[in-house]
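See structure below.
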Amino acid sequence: MSAPVSEAELRQFLETHPGWSVERGQLTRTFEAPSFLSGIAFVEQVARLAEAADHHPDIDIRWRKVTLRFVTHDAGNAITALDTRLAGEASTLFAAR
């Protein structure tokens, strides 16, 4: 089981990864793609990343907006290093589009 990140680690992640916040105990960010299909392509990239890590975010798609929510259920619904790592990788994927 993964351990929750410390408050300092979470604060550092949020300071170095603009757009991410903690909402209802979940690491959350909404990305706005230039088109619906571009947003869907981004979701597919995130899905492949998540599947490889066997750690799956909640994904909400609203036209060009894609919201990702990361939390580790096995850690008591806490944010862990796995969540921050995958969130950071999702940001990198989106920036590269």
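Identifiers in this document derive from the order of the structure tokens: chains are assigned A, B, ..., residues are numbered from 1 separately in each chain, and ligands are numbered from 1 in order of occurrence.
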
Practice item. Excluding Phe70 (chain A) and residues on its chain fewer than 4 positions from it, collect all residues at most 12 Å away from it, counting only C-alpha atoms, and give them as number ranges by chain. Key: A: 20-30, 46, 50, 55-60, 77-88, 90

Selected residues written out, N, CA and C atoms, as a compact mmCIF listing (two decimals), in the first residue's frame:
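Writing done, so here's selection-v4.txt:
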# COMPACT_ATOMS: atom_id res chain seq x y z
N TRP A 20 -3.11 22.41 -11.10
CA TRP A 20 -3.56 21.34 -10.22
C TRP A 20 -3.99 21.93 -8.89
N SER A 21 -5.01 21.32 -8.30
CA SER A 21 -5.47 21.73 -6.97
C SER A 21 -6.00 20.49 -6.26
N VAL A 22 -6.31 20.65 -5.01
CA VAL A 22 -6.92 19.57 -4.24
C VAL A 22 -8.38 19.94 -4.02
N GLU A 23 -9.26 19.10 -4.54
CA GLU A 23 -10.70 19.31 -4.39
C GLU A 23 -11.30 18.03 -3.83
N ARG A 24 -11.98 18.16 -2.72
CA ARG A 24 -12.61 17.01 -2.06
C ARG A 24 -11.61 15.87 -1.84
N GLY A 25 -10.38 16.24 -1.47
CA GLY A 25 -9.36 15.25 -1.17
C GLY A 25 -8.74 14.58 -2.38
N GLN A 26 -9.02 15.11 -3.57
CA GLN A 26 -8.47 14.53 -4.80
C GLN A 26 -7.62 15.56 -5.53
N LEU A 27 -6.54 15.09 -6.14
CA LEU A 27 -5.68 15.94 -6.96
C LEU A 27 -6.42 16.14 -8.28
N THR A 28 -6.76 17.39 -8.60
CA THR A 28 -7.69 17.68 -9.69
C THR A 28 -7.15 18.77 -10.62
N ARG A 29 -7.39 18.56 -11.90
CA ARG A 29 -7.09 19.61 -12.89
C ARG A 29 -8.01 19.45 -14.08
N THR A 30 -8.45 20.58 -14.62
CA THR A 30 -9.21 20.59 -15.87
C THR A 30 -8.33 21.15 -16.97
N VAL A 46 -3.69 9.56 -21.59
CA VAL A 46 -3.74 9.41 -20.13
C VAL A 46 -4.16 7.99 -19.77
N ALA A 50 -2.15 5.50 -17.41
CA ALA A 50 -2.79 4.95 -16.21
C ALA A 50 -2.79 3.43 -16.23
N HIS A 55 -3.06 2.34 -12.24
CA HIS A 55 -3.61 3.36 -11.34
C HIS A 55 -4.43 4.32 -12.20
N HIS A 56 -5.72 4.34 -11.98
CA HIS A 56 -6.63 4.99 -12.92
C HIS A 56 -7.34 6.19 -12.30
N PRO A 57 -7.22 7.35 -12.95
CA PRO A 57 -7.90 8.53 -12.43
C PRO A 57 -9.38 8.50 -12.82
N ASP A 58 -10.16 9.32 -12.14
CA ASP A 58 -11.51 9.60 -12.62
C ASP A 58 -11.33 10.60 -13.74
N ILE A 59 -12.05 10.40 -14.84
CA ILE A 59 -11.94 11.27 -16.00
C ILE A 59 -13.33 11.76 -16.37
N ASP A 60 -13.47 13.08 -16.49
CA ASP A 60 -14.73 13.69 -16.89
C ASP A 60 -14.48 14.48 -18.17
N ASN A 77 -8.07 6.60 0.47
CA ASN A 77 -8.52 7.76 -0.33
C ASN A 77 -7.65 8.99 -0.08
N ALA A 78 -6.34 8.75 -0.06
CA ALA A 78 -5.37 9.83 0.14
C ALA A 78 -4.59 10.05 -1.16
N ILE A 79 -3.94 11.19 -1.24
CA ILE A 79 -3.07 11.48 -2.38
C ILE A 79 -1.69 10.93 -2.05
N THR A 80 -1.18 10.10 -2.97
CA THR A 80 0.12 9.46 -2.78
C THR A 80 1.10 9.93 -3.85
N ALA A 81 2.34 9.48 -3.74
CA ALA A 81 3.36 9.82 -4.75
C ALA A 81 2.96 9.30 -6.12
N LEU A 82 2.23 8.20 -6.18
CA LEU A 82 1.77 7.69 -7.47
C LEU A 82 0.80 8.69 -8.11
N ASP A 83 -0.05 9.29 -7.33
CA ASP A 83 -0.98 10.30 -7.85
C ASP A 83 -0.23 11.51 -8.39
N THR A 84 0.73 12.02 -7.61
CA THR A 84 1.45 13.21 -8.06
C THR A 84 2.31 12.90 -9.29
N ARG A 85 2.89 11.70 -9.32
CA ARG A 85 3.70 11.33 -10.50
C ARG A 85 2.86 11.28 -11.75
N LEU A 86 1.71 10.60 -11.68
CA LEU A 86 0.86 10.47 -12.87
C LEU A 86 0.24 11.81 -13.25
N ALA A 87 -0.10 12.63 -12.27
CA ALA A 87 -0.64 13.96 -12.57
C ALA A 87 0.41 14.79 -13.31
N GLY A 88 1.64 14.73 -12.84
CA GLY A 88 2.72 15.45 -13.51
C GLY A 88 2.94 14.95 -14.93
N ALA A 90 0.68 13.56 -16.81
CA ALA A 90 -0.47 14.00 -17.62
C ALA A 90 -0.26 15.44 -18.07

Exercise for review: List every residue of chain A that DSSP, applied to the backbone of this structure, places in strand (DSSP E or B), and write the result as an NGL selection string.
Suggested key: :A and (4 or 21-23 or 26-32 or 58-62 or 65-70 or 72 or 78 or 80)

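Between CA of Leu49 (chain A) and CA of Ser6 (chain A) the interatomic distance comes to 24.2 Å.
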
Review point. By how many Å are CA of Ala33 (chain A) and CA of Ala95 (chain A) apart?
Key: 10.3 Å

Practice item. Please run DSSP on the backbone and report, as a VMD selection string, all residues within chain A that come out as alpha helix (DSSP H). Key: chain A and resid 7 to 16 36 to 53 81 to 95

Dump N, CA and C atoms for the selected residues as a short mmCIF file (atom, residue, chain, number, x, y, z; two decimals), in the first residue's frame?
data_model
loop_
_atom_site.label_atom_id
_atom_site.label_comp_id
_atom_site.auth_asym_id
_atom_site.auth_seq_id
_atom_site.Cartn_x
_atom_site.Cartn_y
_atom_site.Cartn_z
N GLU A 7 2.09 17.01 3.72
CA GLU A 7 1.57 18.34 3.34
C GLU A 7 2.63 19.12 2.57
N ALA A 8 3.88 19.04 3.00
CA ALA A 8 4.97 19.76 2.33
C ALA A 8 5.18 19.23 0.91
N GLU A 9 5.14 17.91 0.74
CA GLU A 9 5.30 17.33 -0.60
C GLU A 9 4.14 17.74 -1.51
N LEU A 10 2.94 17.74 -0.98
CA LEU A 10 1.78 18.13 -1.77
C LEU A 10 1.87 19.61 -2.14
N ARG A 11 2.24 20.44 -1.20
CA ARG A 11 2.37 21.87 -1.46
C ARG A 11 3.43 22.12 -2.54
N GLN A 12 4.55 21.39 -2.46
CA GLN A 12 5.61 21.54 -3.47
C GLN A 12 5.10 21.13 -4.84
N PHE A 13 4.35 20.01 -4.90
CA PHE A 13 3.80 19.59 -6.19
C PHE A 13 2.90 20.68 -6.76
N LEU A 14 2.01 21.20 -5.95
CA LEU A 14 1.06 22.22 -6.42
C LEU A 14 1.77 23.49 -6.87
N GLU A 15 2.85 23.85 -6.20
CA GLU A 15 3.61 25.05 -6.57
C GLU A 15 4.34 24.87 -7.90
N THR A 16 4.75 23.65 -8.20
CA THR A 16 5.53 23.40 -9.41
C THR A 16 4.70 22.86 -10.57
N PHE A 36 -12.67 19.01 -29.60
CA PHE A 36 -13.20 17.82 -28.94
C PHE A 36 -12.31 16.61 -29.21
N LEU A 37 -11.95 16.40 -30.48
CA LEU A 37 -11.14 15.22 -30.82
C LEU A 37 -9.75 15.29 -30.20
N SER A 38 -9.20 16.48 -30.07
CA SER A 38 -7.91 16.63 -29.40
C SER A 38 -8.02 16.25 -27.93
N GLY A 39 -9.12 16.63 -27.30
CA GLY A 39 -9.36 16.25 -25.92
C GLY A 39 -9.48 14.74 -25.75
N ILE A 40 -10.18 14.11 -26.69
CA ILE A 40 -10.33 12.65 -26.65
C ILE A 40 -8.98 11.97 -26.86
N ALA A 41 -8.15 12.51 -27.74
CA ALA A 41 -6.81 11.95 -27.96
C ALA A 41 -5.97 12.07 -26.67
N PHE A 42 -6.12 13.19 -25.97
CA PHE A 42 -5.42 13.36 -24.70
C PHE A 42 -5.89 12.32 -23.69
N VAL A 43 -7.20 12.10 -23.62
CA VAL A 43 -7.75 11.09 -22.70
C VAL A 43 -7.16 9.72 -23.02
N GLU A 44 -7.03 9.40 -24.29
CA GLU A 44 -6.45 8.11 -24.67
C GLU A 44 -5.00 8.01 -24.19
N GLN A 45 -4.25 9.09 -24.30
CA GLN A 45 -2.86 9.08 -23.82
C GLN A 45 -2.82 8.87 -22.30
N VAL A 46 -3.69 9.56 -21.59
CA VAL A 46 -3.74 9.41 -20.13
C VAL A 46 -4.16 7.99 -19.77
N ALA A 47 -5.12 7.44 -20.52
CA ALA A 47 -5.58 6.07 -20.24
C ALA A 47 -4.44 5.07 -20.40
N ARG A 48 -3.61 5.24 -21.41
CA ARG A 48 -2.47 4.33 -21.61
C ARG A 48 -1.46 4.47 -20.46
N LEU A 49 -1.21 5.70 -20.05
CA LEU A 49 -0.32 5.97 -18.92
C LEU A 49 -0.87 5.31 -17.66
N ALA A 50 -2.15 5.50 -17.41
CA ALA A 50 -2.79 4.95 -16.21
C ALA A 50 -2.79 3.43 -16.23
N GLU A 51 -3.07 2.86 -17.36
CA GLU A 51 -3.11 1.40 -17.47
C GLU A 51 -1.73 0.80 -17.22
N ALA A 52 -0.69 1.45 -17.74
CA ALA A 52 0.67 0.96 -17.53
C ALA A 52 1.05 1.01 -16.05
N ALA A 53 0.52 1.99 -15.33
CA ALA A 53 0.83 2.13 -13.90
C ALA A 53 -0.18 1.37 -13.03
N ALA A 81 2.34 9.48 -3.74
CA ALA A 81 3.36 9.82 -4.75
C ALA A 81 2.96 9.30 -6.12
N LEU A 82 2.23 8.20 -6.18
CA LEU A 82 1.77 7.69 -7.47
C LEU A 82 0.80 8.69 -8.11
N ASP A 83 -0.05 9.29 -7.33
CA ASP A 83 -0.98 10.30 -7.85
C ASP A 83 -0.23 11.51 -8.39
N THR A 84 0.73 12.02 -7.61
CA THR A 84 1.45 13.21 -8.06
C THR A 84 2.31 12.90 -9.29
N ARG A 85 2.89 11.70 -9.32
CA ARG A 85 3.70 11.33 -10.50
C ARG A 85 2.86 11.28 -11.75
N LEU A 86 1.71 10.60 -11.68
CA LEU A 86 0.86 10.47 -12.87
C LEU A 86 0.24 11.81 -13.25
N ALA A 87 -0.10 12.63 -12.27
CA ALA A 87 -0.64 13.96 -12.57
C ALA A 87 0.41 14.79 -13.31
N GLY A 88 1.64 14.73 -12.84
CA GLY A 88 2.72 15.45 -13.51
C GLY A 88 2.94 14.95 -14.93
N GLU A 89 2.87 13.64 -15.11
CA GLU A 89 3.04 13.06 -16.45
C GLU A 89 1.89 13.46 -17.36
N ALA A 90 0.68 13.56 -16.81
CA ALA A 90 -0.47 14.00 -17.62
C ALA A 90 -0.26 15.44 -18.07
N SER A 91 0.25 16.29 -17.19
CA SER A 91 0.53 17.67 -17.55
C SER A 91 1.55 17.75 -18.68
N THR A 92 2.58 16.92 -18.57
CA THR A 92 3.61 16.89 -19.62
C THR A 92 3.03 16.43 -20.95
N LEU A 93 2.18 15.42 -20.92
CA LEU A 93 1.52 14.95 -22.15
C LEU A 93 0.70 16.07 -22.78
N PHE A 94 -0.06 16.78 -21.96
CA PHE A 94 -0.91 17.84 -22.49
C PHE A 94 -0.08 18.97 -23.08
N ALA A 95 0.99 19.35 -22.39
CA ALA A 95 1.84 20.44 -22.86
C ALA A 95 2.51 20.09 -24.19
#
